[in-house]
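J.: Below is the structure I would like to discuss, written out as structure tokens.
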Amino acid sequence: MARPQSMASSSTALGSRPGGQTASLLLGPDRYATNFPGCPEPTIAVLFTCYRAPRHLMSFVVESGSEVIVKQGVYMDWRKLLSTTRISSTDKSPGSAGDHRTEFQRDWDRIVFSTAFRRLHDKTQVFPFPEDDVVHSRLTHSLEVASVGRSLGTKVGESVGIVDHAPGVTPSDVGNIVAAACLAHDIGNPPFGHAGEDALQRYFKLMEVGEALTPRQLSDVTQFEGNAQGFRILTRLQFEEYGGLRLTAATLGAFLKYPRESGADLKDLGGQASKKFGAFQSEMHVLEQVADELGLHAYHTVEGGRGWMRSPLAYVVEAADDICNAILDLEDGARLGCLSSSTLDSVLLRVARASAGFKQSRYEAFVNPRDKTGYLRAQAIGVLVGECAKVFVDNESVLLMGTDLQPLVALTPYRDALRELAALARDKCYRHPPVLERETAGYAAIAGLLELFIPCVVSVEPAERGSLESRLLDFLDQRTLLQLCPPGDKYGRVLRVLDYVSGMTDTYVAERYRKLTGMTT
């Protein structure tokens with residue numbers, strides 16, 4: 001899609017809250033365009049009109065009375081979006097010698113060799129403690145998402161002609177950026193998946209720790225978000241002395257699915273990019289570094305909430321994850337008997353048949369039902385990669401302008417089949433009785449550990465020598481960096497406990513809870 005040139009005039013954009021009824025962009029005397037970025041389903045004609053908006057500070061007022069400021073110009077710049085600048089939460093650096101790898105390949109390697117990534121081998125994807133060793137863990141899921149992401153990212157890089165927009169950058173570089181971000185996309189998830197996240201959130205909603213926390217610090221813990229924990233791991237906790245893994249800004253930008261801080265005032269203002277939050281208050285200065293380096297479009301509220309629109313490559317990472325979630329979770333479900341292979345195959349066939357390599361005779365020749373499904377999975381992924389790349393290219397200008405866009409998979413011709421697969425996963429896998437049973441046990445273990453640890457670290461009174469509290473504090477001092485936070489820093493001390501508990505594997509959290517509570521079986 002061609003990018004029209006901007007007008008050299010000044011104007012102000014006025015609009016409603018995203019999801020509201022109307023929004024208008026003042027383009028000149030008596031000229032308005034409806035559905036400004038952030039409002040639902042803008043038309044192509046409107047988007048072309050918006051492209052001609054001046055490249056200066058633009059603002060629009062939402063119905064709630066909050067003001068949202070878009071600080072950047074109309075287009076983000078591919079040269080900045082693919083920045084190799086390394087981001088750190090500290091000024092210290094261990095230094096690094098150049099070698100045969102590209103900067104983005106080094107990002108991949110740093111993530112692969114991190115302990116947080118290694119722990120994903122024993123973290124739930126969908127099925128906790130599966131009896132079948134072939135069922136996906138978060139580790140195998142992340143590796144497969146990264147594989148799909150590399151193919152999709154490379155194809156996107158080729159299709160948008162990245163070598164023309166960012167000299168020195170190749171399509172393979174784009175693929176490596178996306179692959180590295182995909183590799184890390186679940187690195188902050190707690191044990192037992194969404195059940196673990198729910199347990200962490202609910203504990204803090206019921207626990208009175210808020211008197212010493214700011215509203216946004218309190219929101220960080222009551223709305224605990226694995227994406228924000230992942231950003232904290234990448235930019236602080238791994239090699240903390242040197243400020244994290246020091247990944248490139250490009251990879252961190254692709255990783256940031258929700259580049260905003262916590263707070264209800266920000267929810268939905270950035271569309272898909274603000275449904276959740278992506279950084280705790282402790283890492284907001286790092287998020288600002290990433291956003292400034294990449295030139296992401298910013299917005300804020302009158303309450304002081306800060307957020308940015310996504311890097312376009314974050315949509316590619318999201319698409320790779322969506323493709324794998326839609327297909328591979330159900331493949332596990334069929335293996336475990338949650339649904340029949342024929343039920344899954346009937347939906348996959350609607351996508352796989354569009355592949356140039358699909359042969360009905362080859363599909364029917366397989367005797368093992370799992371091989372049949374595996375063949376369809378490979379063909380369907382290839383089709384979806386191609387379609388998502390087309391959607392990206394068709395909407396490249398929209399994404400570079402910072403306009404909110406639906407997930408790429410939702411804009412493909414196969415969105416109905418993908419919705420059907422998602423419904424199957426929800427009904428047949430996520431609500432499968434053994435899954436719910438084990439998630440409940442994990443939920444109880446996580447909540448139980450928080451009940452032991454949090455009162456100790458937030459208490460204003462020193463623990464009495466020989467007490468249970470003093471023993472728990474000694475235990476935490478040996479396993480966390482709690483000593484870096486003085487007793488008065490409740491927020492920092494709570495985060496250290498969250499680092500410890502959310503970083504546990506499924507097996508470790510269950511075993512640790514059993515031992516600390518004196519259970520014998």
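Residue numbers start at 1 in each chain; chains themselves are named A, B, ... in the order of the structure tokens; ligands are numbered from 1 in the order shown.
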Determine which residues of segment 135-318 of chain A receive a DSSP assignment of strand (DSSP E or B), computed from the backbone, and state them as number ranges by chain.
T.: A: 137, 248, 260, 298-300, 306-308
J.: Name all residues at most 10 Å from segment 493-499 of chain A (count only C-alpha atoms; drop same-chain ones fewer than 5 positions away) and give them as a ChimeraX atom specification.
T.: /A:188,190,200,209,217,220-221,224,229,232-233,237,280,282,449-450,453-458,476,479-488,504
J.: Out of A:Glu439, A:Asp345, A:Glu451, A:Asp77, which residue has the shortest atom-to-atom distance to Leu421 of chain A when counting only C-alpha atoms?
T.: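 Looking at the shortest contact to Leu421 of chain A, the residue is A:Asp345.
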J.: Could you pull out the alpha helix (DSSP H) residues of segment 316-431 of chain A from DSSP and send them as a PyMOL selection string?
T.: chain A and resi 316-335+341-352+360-365+369-394+396-400+415-424
J.: Using only C-alpha atoms, which protein or nucleic acid residues come within 7 Å of segment 128-130 of chain A? Drop anything in the same chain fewer than 5 positions from it, and give the result as a list in words.
T.: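 My reading of the contact set: Val135, Phe192, Val435 and Arg438 of chain A.
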J.: List as number ranges by chain the protein and nucleic acid residues near His185 of chain A, meaning an atom at most 10 Å away when only C-alpha atoms are counted, but skip any in the same chain fewer than 6 places from it.
T.: A: 138, 142, 145-146, 179, 226-227, 230-231, 254-257, 317-318, 321
J.: Keeping only N, CA, C and O atoms, write those residues as a compact mmCIF listing (two decimals), in the first residue's frame.
T.:
# COMPACT_ATOMS: atom_id res chain seq x y z
N ARG A 138 5.56 -25.07 28.25
CA ARG A 138 5.80 -23.70 27.77
C ARG A 138 7.10 -23.62 26.95
O ARG A 138 7.22 -22.79 26.06
N SER A 142 7.11 -22.41 23.18
CA SER A 142 7.87 -21.21 22.82
C SER A 142 8.81 -21.46 21.65
O SER A 142 8.97 -20.61 20.77
N VAL A 145 6.60 -21.59 18.52
CA VAL A 145 6.16 -20.24 18.16
C VAL A 145 7.32 -19.48 17.51
O VAL A 145 7.14 -18.77 16.52
N ALA A 146 8.52 -19.65 18.05
CA ALA A 146 9.69 -18.98 17.48
C ALA A 146 9.98 -19.47 16.07
O ALA A 146 10.40 -18.70 15.20
N ALA A 179 11.72 -14.06 15.84
CA ALA A 179 11.97 -15.35 16.47
C ALA A 179 12.45 -15.19 17.91
O ALA A 179 12.01 -15.90 18.82
N GLY A 226 1.80 -11.54 33.36
CA GLY A 226 2.98 -12.28 32.93
C GLY A 226 3.81 -11.55 31.89
O GLY A 226 5.03 -11.72 31.84
N ASN A 227 3.16 -10.72 31.07
CA ASN A 227 3.91 -9.95 30.08
C ASN A 227 4.84 -8.94 30.76
O ASN A 227 5.98 -8.75 30.34
N GLY A 230 7.68 -10.79 32.31
CA GLY A 230 8.64 -11.16 31.28
C GLY A 230 9.56 -10.01 30.93
O GLY A 230 10.77 -10.20 30.76
N PHE A 231 9.01 -8.80 30.81
CA PHE A 231 9.83 -7.63 30.52
C PHE A 231 10.81 -7.38 31.66
O PHE A 231 11.97 -7.02 31.43
N ALA A 254 9.43 -5.83 19.65
CA ALA A 254 8.60 -6.91 19.13
C ALA A 254 8.00 -7.74 20.26
O ALA A 254 6.88 -8.26 20.13
N PHE A 255 8.72 -7.86 21.37
CA PHE A 255 8.23 -8.59 22.54
C PHE A 255 7.07 -7.88 23.22
O PHE A 255 6.16 -8.52 23.76
N LEU A 256 7.07 -6.54 23.19
CA LEU A 256 6.10 -5.75 23.97
C LEU A 256 4.72 -5.76 23.32
O LEU A 256 4.39 -4.90 22.50
N LYS A 257 3.91 -6.71 23.73
CA LYS A 257 2.55 -6.82 23.22
C LYS A 257 1.66 -5.71 23.78
O LYS A 257 0.73 -5.24 23.11
N VAL A 317 4.70 -11.20 16.07
CA VAL A 317 4.90 -12.13 17.20
C VAL A 317 3.56 -12.66 17.68
O VAL A 317 3.39 -13.86 17.92
N GLU A 318 2.60 -11.77 17.83
CA GLU A 318 1.25 -12.17 18.25
C GLU A 318 0.65 -13.19 17.29
O GLU A 318 0.04 -14.17 17.71
N ASP A 321 2.13 -16.68 17.72
CA ASP A 321 1.56 -17.30 18.93
C ASP A 321 0.13 -17.75 18.68
O ASP A 321 -0.28 -18.85 19.08
J.: Would you compute the distance between atom CA of Ala320 of chain A and atom CA of Asp332 of chain A? Give it in Å to one decimal.
T.: 17.8 Å
J.: Compare A:Val290, A:Thr214, A:Asp506, A:Val174 by their minimum atom-to-atom distance to Arg246 of chain A, counting only C-alpha atoms, and give me the closest one.
T.: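 Of A:Val290, A:Thr214, A:Asp506, A:Val174, the one nearest Arg246 of chain A, counting only C-alpha atoms, is A:Val290.
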J.: Nearest to Asp173 of chain A: which of A:Phe117, A:Tyr491, A:Phe104, A:Phe475 is it, counting only C-alpha atoms?
T.: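 Looking at the shortest contact to Asp173 of chain A, the residue is A:Phe104.
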J.: Would you mind listing what lies within 9 Å of Gly382 of chain A as a list in words, with only C-alpha atoms counted and same-chain residues fewer than 5 positions away left out?
T.: Val148, Ala352, Ser355, Arg377 and Glu387 of chain A
J.: Filtering to N, CA and C atoms, could you give me those residues as a PDB file, in the first residue's frame?
T.:
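New file part.pdb:
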ATOM      1  N   VAL A 148       7.721 -20.649  13.872  1.00  0.00           N
ATOM      2  CA  VAL A 148       6.710 -20.022  13.019  1.00  0.00           C
ATOM      3  C   VAL A 148       7.011 -18.535  12.858  1.00  0.00           C
ATOM      4  N   ALA A 352      -5.884 -26.305   5.465  1.00  0.00           N
ATOM      5  CA  ALA A 352      -4.784 -27.022   4.817  1.00  0.00           C
ATOM      6  C   ALA A 352      -4.986 -27.187   3.319  1.00  0.00           C
ATOM      7  N   SER A 355      -3.214 -24.979   0.771  1.00  0.00           N
ATOM      8  CA  SER A 355      -1.769 -25.073   0.569  1.00  0.00           C
ATOM      9  C   SER A 355      -1.460 -25.681  -0.801  1.00  0.00           C
ATOM     10  N   ARG A 377      -1.523 -30.171  10.114  1.00  0.00           N
ATOM     11  CA  ARG A 377      -0.958 -29.057  10.896  1.00  0.00           C
ATOM     12  C   ARG A 377       0.133 -28.339  10.113  1.00  0.00           C
ATOM     13  N   GLU A 387      -0.849 -16.039   4.709  1.00  0.00           N
ATOM     14  CA  GLU A 387      -1.974 -15.108   4.795  1.00  0.00           C
ATOM     15  C   GLU A 387      -1.693 -13.970   5.770  1.00  0.00           C
TER      16      GLU A 387
END
